[in-house]
$ cat protein10.txt   # compact mmCIF, C-alpha atoms
# COMPACT_ATOMS: atom_id res chain seq x y z
CA MET A 188 -16.56 -30.66 21.66
CA LYS A 189 -17.26 -27.04 20.75
CA PRO A 190 -14.28 -24.83 19.87
CA LEU A 191 -13.26 -22.18 22.39
CA ILE A 192 -13.38 -18.69 20.86
CA GLY A 193 -11.62 -15.84 22.65
CA ILE A 194 -13.38 -12.46 22.56
CA SER A 195 -11.47 -9.37 23.67
CA CYS A 196 -13.05 -7.26 26.43
CA CYS A 197 -12.84 -3.57 27.27
CA LEU A 198 -12.35 -2.17 30.76
CA LYS A 199 -15.34 0.08 31.47
CA LEU A 200 -16.76 1.77 34.54
CA PHE A 201 -20.30 0.70 35.44
CA GLY A 202 -22.77 1.01 38.28
CA THR A 203 -23.48 3.46 41.07
CA TYR A 204 -19.86 3.50 42.22
CA ALA A 205 -18.29 3.40 38.75
CA ARG A 206 -16.45 0.18 39.42
CA PRO A 207 -14.29 -1.26 36.59
CA ASN A 208 -15.93 -4.06 34.63
CA HIS A 209 -14.67 -6.26 31.81
CA ALA A 210 -17.26 -5.80 29.08
CA VAL A 211 -18.12 -6.96 25.58
CA SER A 212 -21.23 -6.55 23.44
CA ASP A 213 -23.66 -9.48 23.37
CA THR A 214 -23.58 -9.34 19.56
CA TYR A 215 -20.14 -11.01 19.51
CA VAL A 216 -21.26 -13.70 21.95
CA ARG A 217 -24.32 -14.41 19.81
CA ALA A 218 -22.25 -14.66 16.62
CA VAL A 219 -19.92 -17.18 18.28
CA ASP A 220 -22.89 -19.19 19.53
CA LEU A 221 -25.19 -19.03 16.52
CA VAL A 222 -22.81 -19.01 13.54
CA ILE A 223 -19.48 -20.40 14.71
CA GLY A 224 -21.03 -22.93 17.08
CA GLY A 225 -18.33 -22.22 19.63
CA LEU A 226 -17.99 -21.51 23.33
CA PRO A 227 -17.45 -17.77 23.91
CA CYS A 228 -14.44 -17.11 26.15
CA LEU A 229 -14.25 -13.48 27.29
CA ILE A 230 -10.64 -12.32 27.56
CA PRO A 231 -10.46 -9.64 30.27
CA ALA A 232 -8.58 -6.38 29.81
CA MET A 233 -6.13 -7.23 32.60
CA GLY A 234 -3.26 -5.14 31.32
CA GLU A 235 0.23 -6.52 31.74
CA ALA A 236 -1.05 -9.06 34.30
CA ALA A 237 -2.74 -11.05 31.51
CA ASP A 238 -1.31 -14.47 30.74
CA VAL A 239 -1.24 -14.13 26.95
CA GLU A 240 0.47 -17.47 26.47
CA GLY A 241 -2.14 -19.15 28.65
CA PHE A 242 -4.99 -17.74 26.59
CA ILE A 243 -3.47 -18.39 23.17
CA SER A 244 -2.58 -21.98 24.02
CA ARG A 245 -6.19 -22.77 24.91
CA ILE A 246 -8.38 -20.88 22.44
CA ASP A 247 -9.27 -22.15 18.96
CA GLY A 248 -10.06 -18.75 17.47
CA LEU A 249 -9.80 -15.07 18.41
CA ILE A 250 -12.19 -12.18 17.80
CA LEU A 251 -10.94 -8.64 18.45
CA THR A 252 -13.94 -6.42 19.13
CA GLY A 253 -14.94 -2.86 18.39
CA SER A 254 -15.01 -0.19 21.09
CA PRO A 255 -15.55 3.57 21.53
CA SER A 256 -12.04 3.84 22.99
CA ASN A 257 -8.99 4.72 20.92
CA VAL A 258 -5.69 2.86 20.78
CA LEU A 259 -3.02 4.68 22.80
CA PRO A 260 -1.10 7.02 20.46
CA SER A 261 2.19 6.22 22.22
CA LEU A 262 1.94 2.69 20.80
CA TYR A 263 2.33 3.95 17.21
CA GLY A 264 4.16 7.26 17.67
CA GLY A 265 1.09 9.46 17.26
CA PRO A 266 0.27 12.77 18.99
CA PRO A 267 -1.56 12.64 22.33
CA HIS A 268 -5.34 12.45 22.20
CA PRO A 269 -7.30 15.62 22.96
CA GLN A 270 -8.81 15.72 26.43
CA GLY A 271 -11.95 13.60 26.70
CA VAL A 272 -11.06 11.03 24.03
CA PRO A 273 -11.64 7.60 25.61
CA GLU A 274 -8.63 5.31 25.97
CA ASP A 275 -8.24 1.78 27.29
CA PRO A 276 -4.57 1.06 28.07
CA SER A 277 -5.49 -2.12 29.97
CA ARG A 278 -7.04 -3.49 26.80
CA ASP A 279 -4.13 -2.38 24.60
CA ALA A 280 -1.67 -4.20 26.87
CA VAL A 281 -3.57 -7.45 26.27
CA THR A 282 -4.74 -7.26 22.67
CA LEU A 283 -1.50 -6.23 20.94
CA PRO A 284 0.64 -9.12 22.28
CA LEU A 285 -2.36 -11.44 21.90
CA LEU A 286 -2.64 -10.52 18.22
CA ARG A 287 1.04 -11.18 17.60
CA ALA A 288 0.83 -14.51 19.42
CA ALA A 289 -2.26 -15.57 17.43
CA ILE A 290 -0.55 -14.81 14.13
CA ASP A 291 2.60 -16.63 15.23
CA ARG A 292 0.59 -19.72 16.25
CA GLY A 293 -1.77 -19.65 13.28
CA VAL A 294 -4.83 -19.21 15.51
CA PRO A 295 -7.75 -18.00 13.33
CA LEU A 296 -8.24 -14.29 13.82
CA LEU A 297 -11.11 -11.91 13.05
CA ALA A 298 -10.41 -8.27 13.98
CA ILE A 299 -13.40 -5.91 13.95
CA CYS A 300 -13.30 -2.07 13.99
CA ARG A 301 -10.96 -1.17 16.89
CA GLY A 302 -9.67 -4.72 16.53
CA MET A 303 -8.51 -3.96 12.98
CA GLN A 304 -6.81 -0.80 14.19
CA GLU A 305 -5.08 -2.82 16.93
CA LEU A 306 -3.96 -5.34 14.31
CA ASN A 307 -2.34 -2.60 12.25
CA VAL A 308 -0.58 -1.11 15.29
CA ALA A 309 0.51 -4.53 16.60
CA LEU A 310 2.33 -5.18 13.32
CA GLY A 311 3.97 -1.75 13.07
CA GLY A 312 1.39 0.48 11.36
CA THR A 313 0.00 3.87 12.41
CA LEU A 314 -3.43 5.47 12.80
CA ASP A 315 -5.28 8.69 12.07
CA GLN A 316 -7.30 9.63 15.15
CA ARG A 317 -10.17 11.50 13.48
CA ILE A 318 -10.37 10.74 9.80
CA GLN A 319 -13.49 12.94 9.47
CA ASP A 320 -11.25 15.97 10.09
CA LEU A 321 -8.90 15.18 7.21
CA PRO A 322 -9.27 16.96 3.85
CA GLY A 323 -11.31 15.02 1.32
CA ARG A 324 -12.38 12.33 3.75
CA MET A 325 -15.87 11.16 4.69
CA ASP A 326 -17.35 11.18 8.18
CA HIS A 327 -17.07 7.53 9.21
CA SER A 328 -18.05 8.15 12.84
CA THR A 329 -21.11 7.05 14.77
CA PRO A 330 -24.11 9.16 13.65
CA THR A 331 -25.24 11.70 16.24
CA GLU A 332 -28.94 11.02 15.57
CA GLN A 333 -29.33 7.89 17.70
CA ALA A 334 -32.98 8.13 18.63
CA PHE A 335 -33.66 4.71 17.11
CA ALA A 336 -31.70 1.47 16.95
CA PRO A 337 -31.45 1.03 13.14
CA VAL A 338 -28.93 3.88 12.92
CA ARG A 339 -26.28 1.55 14.34
CA VAL A 340 -26.71 -1.08 11.63
CA ALA A 341 -27.70 1.07 8.67
CA LYS A 342 -25.44 0.86 5.63
CA ALA A 343 -23.49 4.12 5.59
CA HIS A 344 -21.33 3.81 2.48
CA ALA A 345 -19.93 1.41 -0.08
CA VAL A 346 -16.56 -0.33 -0.01
CA ARG A 347 -14.63 -1.71 -2.97
CA LEU A 348 -13.15 -5.17 -2.45
CA ALA A 349 -9.70 -6.07 -3.72
CA GLU A 350 -9.87 -8.20 -6.84
CA GLY A 351 -8.87 -11.77 -6.04
CA GLY A 352 -8.87 -11.00 -2.30
CA GLN A 353 -10.17 -13.01 0.61
CA LEU A 354 -13.27 -10.89 1.14
CA ALA A 355 -14.15 -11.02 -2.54
CA ALA A 356 -13.99 -14.81 -2.33
CA ILE A 357 -16.04 -14.92 0.87
CA SER A 358 -18.76 -12.60 -0.40
CA GLY A 359 -18.71 -13.35 -4.11
CA ARG A 360 -18.81 -9.59 -4.74
CA ARG A 361 -16.61 -6.65 -5.70
CA ASP A 362 -18.61 -3.99 -3.81
CA LEU A 363 -20.39 -3.98 -0.45
CA ALA A 364 -22.50 -1.56 1.55
CA VAL A 365 -21.34 -1.39 5.17
CA ASN A 366 -22.15 0.34 8.44
CA SER A 367 -19.63 2.87 9.73
CA LEU A 368 -19.00 3.70 13.40
CA HIS A 369 -15.37 4.73 13.78
CA ASN A 370 -13.21 7.83 14.23
CA GLN A 371 -9.80 6.18 13.96
CA GLY A 372 -8.53 4.68 10.74
CA ILE A 373 -5.35 3.29 9.27
CA ARG A 374 -2.83 5.96 8.32
CA GLN A 375 0.27 3.96 7.44
CA LEU A 376 -0.48 0.34 6.64
CA SER A 377 1.66 -2.21 8.44
CA PRO A 378 4.10 -3.96 6.10
CA GLY A 379 2.60 -7.24 7.30
CA LEU A 380 -0.89 -6.43 5.99
CA ALA A 381 -2.57 -6.37 2.58
CA VAL A 382 -5.57 -4.19 1.75
CA GLU A 383 -8.82 -6.11 1.24
CA ALA A 384 -11.28 -3.21 0.88
CA THR A 385 -11.36 0.59 0.61
CA ALA A 386 -14.04 3.27 1.01
CA PRO A 387 -14.70 5.85 -1.74
CA ASP A 388 -12.48 8.36 0.10
CA GLY A 389 -9.55 5.94 0.18
CA THR A 390 -9.96 4.87 3.81
CA ILE A 391 -8.76 1.29 4.29
CA GLU A 392 -11.80 -0.73 5.31
CA ALA A 393 -10.45 -4.29 5.49
CA VAL A 394 -7.07 -6.03 5.64
CA ARG A 395 -5.58 -9.49 5.80
CA VAL A 396 -2.30 -10.67 7.29
CA GLU A 397 0.01 -11.55 4.43
CA GLY A 398 1.54 -15.00 4.67
CA ALA A 399 -0.58 -15.96 7.67
CA ARG A 400 -0.69 -19.67 8.48
CA GLY A 401 -4.41 -19.40 9.10
CA PHE A 402 -7.39 -17.09 8.70
CA ALA A 403 -6.35 -13.57 9.72
CA LEU A 404 -8.77 -10.88 8.56
CA GLY A 405 -9.66 -7.40 9.79
CA VAL A 406 -12.74 -5.35 8.86
CA GLN A 407 -13.45 -1.75 9.84
CA TRP A 408 -17.22 -2.18 9.91
CA HIS A 409 -19.41 -4.30 12.24
CA PRO A 410 -20.66 -7.59 10.76
CA GLU A 411 -21.69 -8.73 14.26
CA TYR A 412 -24.56 -6.20 14.23
CA ASP A 413 -26.48 -7.76 11.36
CA PHE A 414 -25.18 -11.31 10.80
CA GLU A 415 -28.72 -12.61 11.28
CA THR A 416 -30.11 -10.52 8.40
CA ASP A 417 -27.16 -9.68 6.13
CA SER A 418 -25.76 -12.54 4.04
CA VAL A 419 -22.24 -11.10 3.69
CA SER A 420 -21.93 -10.37 7.41
CA ARG A 421 -22.94 -13.95 8.11
CA ALA A 422 -20.55 -15.25 5.43
CA ILE A 423 -17.61 -13.54 7.20
CA PHE A 424 -18.38 -15.40 10.43
CA THR A 425 -19.03 -18.62 8.50
CA ALA A 426 -15.60 -18.36 6.84
CA PHE A 427 -14.03 -17.75 10.24
CA ALA A 428 -15.89 -20.79 11.60
CA GLY A 429 -14.47 -22.95 8.81
CA ALA A 430 -10.95 -21.78 9.65
CA VAL A 431 -11.55 -22.58 13.33
CA ALA A 432 -12.69 -26.10 12.42
CA ARG A 433 -9.55 -26.66 10.35
CA TYR A 434 -7.35 -25.33 13.14
CA VAL A 435 -8.99 -27.65 15.68
CA SER A 436 -8.58 -30.63 13.32
CA ASP A 437 -4.94 -29.83 12.58
CA ARG A 438 -4.14 -29.38 16.26
CA ALA A 439 -5.83 -32.67 17.14
CA GLY A 440 -3.84 -34.40 14.41
CA ALA A 441 -0.58 -32.92 15.64
CA HIS A 442 -1.41 -33.97 19.20
CA GLY A 443 -2.14 -37.50 18.03
CA THR A 444 1.16 -37.63 16.16
CA ARG A 445 3.06 -36.59 19.28
CA ILE A 446 1.33 -39.24 21.37
CA ALA A 447 2.10 -41.92 18.77
CA ALA A 448 5.75 -40.85 18.68
CA GLU A 449 6.02 -41.11 22.43

$ encode --input "protein10.txt" --output "structure tokens"
Amino acid sequence: MKPLIGISCCLKLFGTYARPNHAVSDTYVRAVDLVIGGLPCLIPAMGEAADVEGFISRIDGLILTGSPSNVLPSLYGGPPHPQGVPEDPSRDAVTLPLLRAAIDRGVPLLAICRGMQELNVALGGTLDQRIQDLPGRMDHSTPTEQAFAPVRVAKAHAVRLAEGGQLAAISGRRDLAVNSLHNQGIRQLSPGLAVEATAPDGTIEAVRVEGARGFALGVQWHPEYDFETDSVSRAIFTAFAGAVARYVSDRAGAHGTRIAAE
């Protein structure tokens, strides 16, 4: 039986009448299907109505997706966003408790771009809203010249991997070239996280949950864009897939032990 992989959705307005839709990029669905070999389960941005316990008790892995929207500043004590900055409070109300539940249960977790920012906030960290406006920092945001598709997957800058870290082990490298499509970034790192990679300007580009019972990794870039052509992007999903397989096996063993005891 294929593992069930939860994928966080955004709440977006689509169509002639701008009706709310629960949406996620096909790239995440394809990565779950083609690399992880799992069944994609889209987790809607239902706000406080979401049954977080119901989702976390059923899924075998969790992917937190990227998005143009910013995490609500009130969730980490930041200043209000300027007018026009996209927000998604219905998503925030689902993903933050879902992240904490996944870590508590040991459900394998891969947090990508906004997902990594959510992970930091969920565990008590803070964010910068526009790191490109800070002195000495690079512009990590989506390029404005988007006349052709490759701009979204092009390698924008290098990152340095932490020696002896999880990403260094997954990739077999100390440096990577990554794409870069974000405005927000980690300001104060949560005490529950360890840095896995940094950009040349000091921006935190990847983290792991310290002391996690299972795989719990966040990356600021988008490996789902080029997992079919980039070996390291694929290796990240392959490592996640291995963690999912172990989680499924351990849960099946625990279930069997309970049945035998009864």

$ atom_distance --input "protein10.txt" --atom1 "atom CA of Arg374 of chain A" --atom2 "atom CA of Gly311 of chain A"
11.3 Å

$ closest_residue --input "protein10.txt" --among "A:Ala399, A:Ala422, A:Ile223, A:Met233" --to "Gly359 of chain A" --atoms "only C-alpha atoms"
A:Ala422

$ closest_residue --input "protein10.txt" --among "A:Val308, A:Ala355, A:Ala428, A:Ile250" --to "Gly193 of chain A" --atoms "all atoms listed in the file"
A:Ile250

$ atom_distance --input "protein10.txt" --atom1 "atom CA of Trp408 of chain A" --atom2 "atom CA of Glu235 of chain A"
28.3 Å

$ residues_around --input "protein10.txt" --residues "Leu380 of chain A" --least-positions-apart "6" --cutoff "10 Å" --atoms "all atoms listed in the file" --output "ChimeraX atom specification"
/A:306-307,310-312,393-399,403-405

$ atom_distance --input "protein10.txt" --atom1 "atom CA of Ile192 of chain A" --atom2 "atom CA of Asp213 of chain A"
14.0 Å

$ closest_residue --input "protein10.txt" --among "A:Asp247, A:Ser261, A:Gln316, A:Cys300" --to "Val219 of chain A" --atoms "all atoms listed in the file"
A:Asp247

$ residues_near_point --input "protein10.txt" --point "(-7.5, -8.5, -5.8)" --cutoff "10 Å" --atoms "all atoms listed in the file" --output "list in words"
Leu348, Ala349, Glu350, Gly351, Gly352, Gln353, Leu354, Ala355, Ala356, Arg361, Ala381, Val382, Glu383 and Ala384 of chain A

$ write_last_selection --input "protein10.txt" --atoms "C-alpha atoms" --output "PDB file, keeping the file's coordinate frame"
ATOM      1  CA  LEU A 348     -13.150  -5.170  -2.450  1.00  0.00           C
ATOM      2  CA  ALA A 349      -9.700  -6.070  -3.720  1.00  0.00           C
ATOM      3  CA  GLU A 350      -9.870  -8.200  -6.840  1.00  0.00           C
ATOM      4  CA  GLY A 351      -8.870 -11.770  -6.040  1.00  0.00           C
ATOM      5  CA  GLY A 352      -8.870 -11.000  -2.300  1.00  0.00           C
ATOM      6  CA  GLN A 353     -10.170 -13.010   0.610  1.00  0.00           C
ATOM      7  CA  LEU A 354     -13.270 -10.890   1.140  1.00  0.00           C
ATOM      8  CA  ALA A 355     -14.150 -11.020  -2.540  1.00  0.00           C
ATOM      9  CA  ALA A 356     -13.990 -14.810  -2.330  1.00  0.00           C
ATOM     10  CA  ARG A 361     -16.610  -6.650  -5.700  1.00  0.00           C
ATOM     11  CA  ALA A 381      -2.570  -6.370   2.580  1.00  0.00           C
ATOM     12  CA  VAL A 382      -5.570  -4.190   1.750  1.00  0.00           C
ATOM     13  CA  GLU A 383      -8.820  -6.110   1.240  1.00  0.00           C
ATOM     14  CA  ALA A 384     -11.280  -3.210   0.880  1.00  0.00           C
TER      15      ALA A 384
END

$ closest_residue --input "protein10.txt" --among "A:Gly389, A:Gly271, A:Gly234, A:Gly248" --to "Ala430 of chain A" --atoms "all atoms listed in the file"
A:Gly248

$ residues_around --input "protein10.txt" --residues "Asn370 of chain A" --least-positions-apart "4" --cutoff "10 Å" --atoms "all atoms listed in the file" --output "PyMOL selection string"
chain A and resi 255-257+300-301+315-320+326-329

$ closest_residue --input "protein10.txt" --among "A:Leu286, A:Leu363, A:Ile373, A:Ile246" --to "Gly265 of chain A" --atoms "all atoms listed in the file"
A:Ile373

$ residues_near_point --input "protein10.txt" --point "(-10.2, 8.8, 2.9)" --cutoff "8 Å" --atoms "all atoms listed in the file" --output "CSV table (one decimal) with C-alpha atoms, in the coordinates of the input"
chain,number,residue,atom,x,y,z
A,318,ILE,CA,-10.4,10.7,9.8
A,321,LEU,CA,-8.9,15.2,7.2
A,323,GLY,CA,-11.3,15.0,1.3
A,324,ARG,CA,-12.4,12.3,3.8
A,325,MET,CA,-15.9,11.2,4.7
A,386,ALA,CA,-14.0,3.3,1.0
A,387,PRO,CA,-14.7,5.8,-1.7
A,388,ASP,CA,-12.5,8.4,0.1
A,389,GLY,CA,-9.6,5.9,0.2
A,390,THR,CA,-10.0,4.9,3.8
A,391,ILE,CA,-8.8,1.3,4.3
